[in-house]
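The structure under discussion appears below in the form of structure tokens.
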Amino acid sequence: MGRVHAQKLGAYWLTSVGSLAMQYSFSVIFVDLLVAFDSTRAATAAVGSLSAGLMDGFGVISGRAIARRGEVVCGSLGALLSGLGLIASSQCQTLWQLYVTYGIVLGVGQSLGLYSGVIACNKWFPENTALASGFANSGAGVGPFAIPFLWAALKRETGGWRGALAALGAMVFAVLFAGALGLAPPPPSSEKRAPVSPIAVSAVPGVRRLMRTTFIFGFGFWIPAVHIVRYGLDRDLSRRRAESLLLYLGAGALTMRVPVGALADRCGRSRVYSAVCLTYAVALALTPVWERSYEGLAVFSFLCGSCIGSLLSLSAALVVD
């Protein structure tokens, strides 16, 4: 791998830090929002669910925008929207305002930022795509490791969750913008390709199967990332131990993407993707077993992080297939 390819992986890595790492870490912010807005758990969790859902669901529109305007422009716009969404969220007085700022504005910004990196990575690494995506997407695992400590430090320095969220917005903008600047695609090939519409793409049998799978799986995909800290507190864990569950989730997301990506390139991406889906489904079904002890919840968090990270990396490679 040459220096240019390494730089592109680094840029994509930064976009995954600024987007996926934020989504992984909502569980820590969620606890403070529950107290601040004194609403039901479902209504408050919907803030993070809307953001994560739009980050993924807005992908079709993001992809069209990137095809027209390029990865650098759309990635930079995504950085701006993400930063503004978080800063505006720090001033919200009602939950519906958070739905707009954190759910919609941040979600759309994260979608533009993330998919600019995904598309650029696929162009630069047409071979071993799953492995390259695993390396680049490992930046998402930084969030669960860093956010619990960063969030606590920012709250101390700024006087509460509002100041911490605004500061986090500035950081997310800086990280995503730095990544976007390095996302220029490779020189175009001499082979001319006709533009393909989203309807034509969705008519491809493999794409339809992937769409159905992600739609069904999406109902439970982000649940651990949103609820794991609060779930630990409900099981009488201390705040410190409950937040440490997020570290195990991050460890799984950080360490398993690359080996799973390498395995997928060797044994077949569809086959490995199906195996990871099955593993994740079994892990979620066994929640009553994991919750009996802290150690069980730690194993559960690691498995969930491994599966979430692997599925996100493999999805990008499967689209190329």
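Following the order of the structure tokens, chains are lettered A, B, ..., residues in each are numbered from 1, and ligands are numbered from 1.
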Check which residues of stretch 192-279 of chain A sit at most 9 Å from stretch 296-319 of chain A using only C-alpha atoms, and return one row each with the closest pair of atoms and their distance in Å to one decimal, ordered by chain and rising number, as a Markdown table.
| residue | atom | partner | partner_atom | distance |
| --- | --- | --- | --- | --- |
| A:Gly206 | CA | A:Val319 | CA | 8.5 |
| A:Val207 | CA | A:Val319 | CA | 6.9 |
| A:Leu210 | CA | A:Ser315 | CA | 8.1 |
| A:Thr214 | CA | A:Ser315 | CA | 8.9 |
| A:Phe221 | CA | A:Ile308 | CA | 7.2 |
| A:Trp222 | CA | A:Ile308 | CA | 8.0 |
| A:Pro224 | CA | A:Cys304 | CA | 7.0 |
| A:Ala225 | CA | A:Gly305 | CA | 8.2 |
| A:Ile228 | CA | A:Ser301 | CA | 7.7 |
| A:Gly232 | CA | A:Leu297 | CA | 7.9 |
| A:Ser244 | CA | A:Ala298 | CA | 8.4 |
| A:Leu245 | CA | A:Ala298 | CA | 5.7 |
| A:Leu246 | CA | A:Ser301 | CA | 7.0 |
| A:Leu247 | CA | A:Ser301 | CA | 8.3 |
| A:Tyr248 | CA | A:Phe302 | CA | 4.8 |
| A:Leu249 | CA | A:Gly305 | CA | 4.3 |
| A:Gly250 | CA | A:Gly305 | CA | 5.9 |
| A:Ala251 | CA | A:Phe302 | CA | 6.4 |
| A:Gly252 | CA | A:Ser306 | CA | 4.1 |
| A:Ala253 | CA | A:Gly305 | CA | 4.5 |
| A:Leu254 | CA | A:Gly309 | CA | 7.5 |
| A:Thr255 | CA | A:Ser306 | CA | 7.5 |
| A:Met256 | CA | A:Ser306 | CA | 5.5 |
| A:Arg257 | CA | A:Ser310 | CA | 4.9 |
| A:Val258 | CA | A:Ser310 | CA | 8.2 |
| A:Val260 | CA | A:Ser310 | CA | 6.5 |
| A:Gly261 | CA | A:Leu314 | CA | 6.8 |
| A:Ala264 | CA | A:Leu314 | CA | 7.9 |
| A:Arg269 | CA | A:Leu318 | CA | 6.6 |
| A:Ser270 | CA | A:Leu318 | CA | 7.1 |
| A:Val272 | CA | A:Leu314 | CA | 8.5 |
| A:Tyr273 | CA | A:Leu314 | CA | 6.5 |
| A:Val276 | CA | A:Cys307 | CA | 6.0 |
| A:Cys277 | CA | A:Cys307 | CA | 7.3 |
| A:Thr279 | CA | A:Cys307 | CA | 7.4 |
Now that the selection is made, can you save its residues with N, CA, C and O atoms as a compact mmCIF listing (two decimals), in the first residue's frame?
# COMPACT_ATOMS: atom_id res chain seq x y z
N GLY A 206 -29.18 -8.65 -5.63
CA GLY A 206 -28.31 -8.62 -4.46
C GLY A 206 -28.53 -7.39 -3.61
O GLY A 206 -28.50 -7.46 -2.37
N VAL A 207 -28.72 -6.26 -4.26
CA VAL A 207 -28.97 -5.02 -3.53
C VAL A 207 -30.32 -5.09 -2.80
O VAL A 207 -30.45 -4.65 -1.66
N LEU A 210 -29.91 -7.11 0.32
CA LEU A 210 -29.18 -6.35 1.34
C LEU A 210 -30.08 -5.28 1.95
O LEU A 210 -30.04 -5.05 3.17
N THR A 214 -30.94 -5.15 5.95
CA THR A 214 -30.62 -3.99 6.79
C THR A 214 -31.89 -3.34 7.35
O THR A 214 -31.87 -2.82 8.46
N PHE A 221 -30.57 -2.77 15.62
CA PHE A 221 -29.14 -2.63 15.37
C PHE A 221 -28.44 -1.74 16.40
O PHE A 221 -27.38 -2.08 16.94
N TRP A 222 -29.03 -0.56 16.68
CA TRP A 222 -28.35 0.42 17.53
C TRP A 222 -28.78 0.36 19.00
O TRP A 222 -28.35 1.18 19.80
N PRO A 224 -28.05 -1.58 21.65
CA PRO A 224 -27.00 -1.60 22.68
C PRO A 224 -26.23 -0.27 22.80
O PRO A 224 -25.92 0.17 23.90
N ALA A 225 -25.94 0.35 21.65
CA ALA A 225 -25.19 1.61 21.69
C ALA A 225 -25.97 2.72 22.37
O ALA A 225 -25.40 3.61 23.00
N ILE A 228 -26.99 0.78 26.58
CA ILE A 228 -26.17 -0.09 27.42
C ILE A 228 -25.79 0.54 28.76
O ILE A 228 -25.79 -0.14 29.79
N GLY A 232 -27.07 -0.83 32.37
CA GLY A 232 -26.18 -1.19 33.47
C GLY A 232 -26.59 -0.53 34.78
O GLY A 232 -26.56 -1.16 35.84
N SER A 244 -18.30 1.73 31.81
CA SER A 244 -17.22 0.87 31.32
C SER A 244 -17.75 -0.16 30.32
O SER A 244 -16.98 -0.70 29.51
N LEU A 245 -19.06 -0.46 30.36
CA LEU A 245 -19.62 -1.38 29.38
C LEU A 245 -19.46 -0.82 27.97
O LEU A 245 -19.31 -1.57 27.00
N LEU A 246 -19.49 0.50 27.86
CA LEU A 246 -19.29 1.13 26.56
C LEU A 246 -17.87 0.89 26.05
O LEU A 246 -17.63 0.81 24.85
N LEU A 247 -16.92 0.77 26.98
CA LEU A 247 -15.54 0.48 26.58
C LEU A 247 -15.44 -0.91 25.96
O LEU A 247 -14.70 -1.11 24.99
N TYR A 248 -16.16 -1.87 26.55
CA TYR A 248 -16.15 -3.22 25.97
C TYR A 248 -16.81 -3.22 24.59
O TYR A 248 -16.35 -3.92 23.67
N LEU A 249 -17.87 -2.44 24.43
CA LEU A 249 -18.50 -2.32 23.12
C LEU A 249 -17.51 -1.74 22.11
O LEU A 249 -17.39 -2.21 20.98
N GLY A 250 -16.78 -0.70 22.55
CA GLY A 250 -15.78 -0.10 21.67
C GLY A 250 -14.64 -1.05 21.36
O GLY A 250 -14.11 -1.06 20.24
N ALA A 251 -14.24 -1.87 22.34
CA ALA A 251 -13.16 -2.84 22.10
C ALA A 251 -13.56 -3.83 21.02
O ALA A 251 -12.76 -4.18 20.14
N GLY A 252 -14.81 -4.30 21.07
CA GLY A 252 -15.28 -5.21 20.04
C GLY A 252 -15.30 -4.55 18.67
O GLY A 252 -14.87 -5.14 17.68
N ALA A 253 -15.81 -3.31 18.63
CA ALA A 253 -15.88 -2.59 17.36
C ALA A 253 -14.49 -2.30 16.79
O ALA A 253 -14.28 -2.32 15.58
N LEU A 254 -13.52 -2.05 17.68
CA LEU A 254 -12.18 -1.67 17.25
C LEU A 254 -11.36 -2.86 16.79
O LEU A 254 -10.62 -2.78 15.81
N THR A 255 -11.49 -3.98 17.50
CA THR A 255 -10.57 -5.10 17.25
C THR A 255 -11.07 -6.11 16.22
O THR A 255 -10.25 -6.80 15.61
N MET A 256 -12.38 -6.21 16.02
CA MET A 256 -12.89 -7.29 15.18
C MET A 256 -13.14 -6.91 13.73
O MET A 256 -13.32 -7.78 12.89
N ARG A 257 -13.17 -5.63 13.42
CA ARG A 257 -13.46 -5.22 12.04
C ARG A 257 -12.43 -5.75 11.05
O ARG A 257 -12.78 -6.28 9.99
N VAL A 258 -11.16 -5.59 11.39
CA VAL A 258 -10.10 -5.97 10.45
C VAL A 258 -10.05 -7.48 10.24
O VAL A 258 -10.05 -7.94 9.08
N VAL A 260 -12.40 -9.71 10.67
CA VAL A 260 -13.63 -10.13 9.99
C VAL A 260 -13.59 -9.68 8.53
O VAL A 260 -14.01 -10.43 7.62
N GLY A 261 -13.08 -8.47 8.26
CA GLY A 261 -12.95 -8.01 6.89
C GLY A 261 -12.01 -8.89 6.08
O GLY A 261 -12.30 -9.23 4.92
N ALA A 264 -13.75 -12.11 5.33
CA ALA A 264 -14.77 -11.93 4.30
C ALA A 264 -14.15 -11.89 2.90
O ALA A 264 -14.70 -12.46 1.95
N ARG A 269 -17.92 -12.48 1.15
CA ARG A 269 -18.48 -11.43 1.99
C ARG A 269 -19.92 -11.72 2.40
O ARG A 269 -20.31 -11.48 3.55
N SER A 270 -20.71 -12.24 1.49
CA SER A 270 -22.11 -12.55 1.81
C SER A 270 -22.19 -13.62 2.89
O SER A 270 -23.01 -13.53 3.82
N VAL A 272 -19.92 -14.42 5.22
CA VAL A 272 -19.47 -13.90 6.51
C VAL A 272 -20.48 -12.90 7.07
O VAL A 272 -20.75 -12.87 8.27
N TYR A 273 -21.07 -12.08 6.19
CA TYR A 273 -22.10 -11.13 6.63
C TYR A 273 -23.27 -11.86 7.29
O TYR A 273 -23.76 -11.46 8.34
N VAL A 276 -22.29 -13.13 10.75
CA VAL A 276 -22.25 -12.07 11.76
C VAL A 276 -23.66 -11.67 12.17
O VAL A 276 -23.93 -11.44 13.35
N CYS A 277 -24.58 -11.60 11.20
CA CYS A 277 -25.99 -11.30 11.52
C CYS A 277 -26.55 -12.33 12.49
O CYS A 277 -27.23 -11.98 13.47
N THR A 279 -24.86 -14.25 14.57
CA THR A 279 -24.19 -14.09 15.86
C THR A 279 -24.81 -12.95 16.67
O THR A 279 -25.05 -13.08 17.88
Which residues come within 12 Å of A:Ala36, counting only C-alpha atoms, excluding same-chain residues fewer than 5 positions away, as an mmCIF file with C-alpha atoms, in the first residue's frame?
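What follows is the written file result_26.cif:
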data_model
loop_
_atom_site.group_PDB
_atom_site.id
_atom_site.type_symbol
_atom_site.label_atom_id
_atom_site.label_comp_id
_atom_site.auth_asym_id
_atom_site.auth_seq_id
_atom_site.Cartn_x
_atom_site.Cartn_y
_atom_site.Cartn_z
ATOM 1 C CA ILE A 29 -25.148 11.447 26.645
ATOM 2 C CA PHE A 30 -28.507 9.667 26.927
ATOM 3 C CA VAL A 31 -28.186 9.358 30.720
ATOM 4 C CA THR A 44 -35.576 10.428 25.009
ATOM 5 C CA SER A 90 -26.858 22.318 23.691
ATOM 6 C CA GLN A 91 -29.400 25.175 23.719
ATOM 7 C CA CYS A 92 -32.570 23.078 23.418
ATOM 8 C CA GLN A 93 -35.236 23.524 26.075
ATOM 9 C CA THR A 94 -37.688 20.845 24.936
ATOM 10 C CA LEU A 95 -37.365 17.335 23.613
ATOM 11 C CA LEU A 98 -33.657 17.921 20.199
ATOM 12 C CA GLY A 160 -22.733 20.791 32.694
ATOM 13 C CA TRP A 161 -24.016 18.799 29.780
ATOM 14 C CA ARG A 162 -24.952 21.838 27.678
#
Next item on the list: Fewer than 4 positions away in the same chain doesn't count, so skip those; otherwise give me all residues within 8 Å of A:Gly18, counting only C-alpha atoms, as number ranges by chain.
Entry: A: 14, 22, 110, 113, 140, 172-173, 175-176
Using all heavy atoms, can you export the residues from the last selection as a tab-separated table (two decimals), in the first residue's frame?
chain	number	residue	atom	x	y	z
A	14	LEU	N	-10.84	9.27	9.91
A	14	LEU	CA	-11.32	10.45	10.62
A	14	LEU	C	-12.82	10.63	10.44
A	14	LEU	O	-13.53	11.03	11.38
A	14	LEU	CB	-10.58	11.70	10.11
A	14	LEU	CG	-9.13	11.86	10.56
A	14	LEU	CD1	-8.48	13.07	9.88
A	14	LEU	CD2	-9.03	12.01	12.08
A	22	MET	N	-19.60	8.96	17.24
A	22	MET	CA	-20.65	9.72	17.94
A	22	MET	C	-21.87	8.85	18.18
A	22	MET	O	-22.47	8.88	19.27
A	22	MET	CB	-21.05	10.94	17.12
A	22	MET	CG	-20.26	12.21	17.40
A	22	MET	SD	-20.40	12.75	19.11
A	22	MET	CE	-22.17	12.93	19.28
A	110	GLN	N	-24.11	13.63	9.68
A	110	GLN	CA	-23.33	12.41	9.85
A	110	GLN	C	-23.44	11.51	8.61
A	110	GLN	O	-22.47	10.86	8.23
A	110	GLN	CB	-23.85	11.64	11.07
A	110	GLN	CG	-23.80	12.45	12.37
A	110	GLN	CD	-22.58	12.15	13.20
A	110	GLN	OE1	-22.54	11.21	13.95
A	110	GLN	NE2	-21.58	12.99	13.06
A	113	GLY	N	-21.14	13.01	5.96
A	113	GLY	CA	-19.75	12.80	6.33
A	113	GLY	C	-19.32	11.35	6.20
A	113	GLY	O	-18.26	11.04	5.64
A	140	ALA	N	-14.34	4.20	14.38
A	140	ALA	CA	-15.58	4.25	15.15
A	140	ALA	C	-15.40	3.73	16.56
A	140	ALA	O	-16.11	4.13	17.48
A	140	ALA	CB	-16.66	3.43	14.43
A	172	VAL	N	-16.32	17.56	16.83
A	172	VAL	CA	-16.83	16.72	15.74
A	172	VAL	C	-16.66	17.44	14.41
A	172	VAL	O	-16.26	16.84	13.40
A	172	VAL	CB	-18.30	16.35	15.99
A	172	VAL	CG1	-18.94	15.75	14.73
A	172	VAL	CG2	-18.41	15.35	17.14
A	173	PHE	N	-16.96	18.74	14.38
A	173	PHE	CA	-16.76	19.51	13.15
A	173	PHE	C	-15.31	19.45	12.70
A	173	PHE	O	-15.01	19.20	11.52
A	173	PHE	CB	-17.17	20.97	13.35
A	173	PHE	CG	-16.68	21.87	12.24
A	173	PHE	CD1	-17.30	21.86	11.00
A	173	PHE	CD2	-15.58	22.70	12.43
A	173	PHE	CE1	-16.84	22.66	9.96
A	173	PHE	CE2	-15.12	23.50	11.41
A	173	PHE	CZ	-15.74	23.49	10.16
A	175	VAL	N	-12.94	17.25	13.38
A	175	VAL	CA	-12.51	15.92	12.95
A	175	VAL	C	-13.09	15.58	11.57
A	175	VAL	O	-12.38	15.12	10.67
A	175	VAL	CB	-12.92	14.85	13.99
A	175	VAL	CG1	-12.68	13.45	13.45
A	175	VAL	CG2	-12.14	15.06	15.29
A	176	LEU	N	-14.39	15.81	11.40
A	176	LEU	CA	-15.02	15.49	10.12
A	176	LEU	C	-14.48	16.36	8.98
A	176	LEU	O	-14.28	15.89	7.86
A	176	LEU	CB	-16.54	15.66	10.22
A	176	LEU	CG	-17.34	14.50	10.81
A	176	LEU	CD1	-18.81	14.87	10.93
A	176	LEU	CD2	-17.18	13.23	9.98
Note to self: List the spatial neighbours of stretch 62-78 of chain A as a list in words - criterion: any atom at most 8 Å away, only C-alpha atoms, same-chain residues fewer than 2 positions off excluded.
What the structure shows: Phe58, Gly59, Val60, Leu80, Leu81, Ser82, Val108, Gly109, Gln110, Ser111, Leu112, Gly113, Leu114, Tyr115, Ser116, Gly117, Ile119, Ala120, Leu176, Phe177, Gly179, Ala180, Leu181, Gly182, Leu183, Ala184 and Pro185 of chain A
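Each of A:Ser274, A:Ser25, A:Ser238, A:Thr40 was compared to A:Tyr294 using only C-alpha atoms, and A:Ser238 turns out to be the nearest.
Counting from atom CA of A:Ala45, the distance to atom CA of A:Arg239 is 18.4 Å.
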Item checked: DSSP-assigned helix (DSSP H, G or I) members of stretch 44-271 of chain A, reported as number ranges by chain -> A: 44-57, 59-69, 71-89, 95-124, 129-158, 161-180, 198-202, 205-221, 223-234, 239-267, 269-271
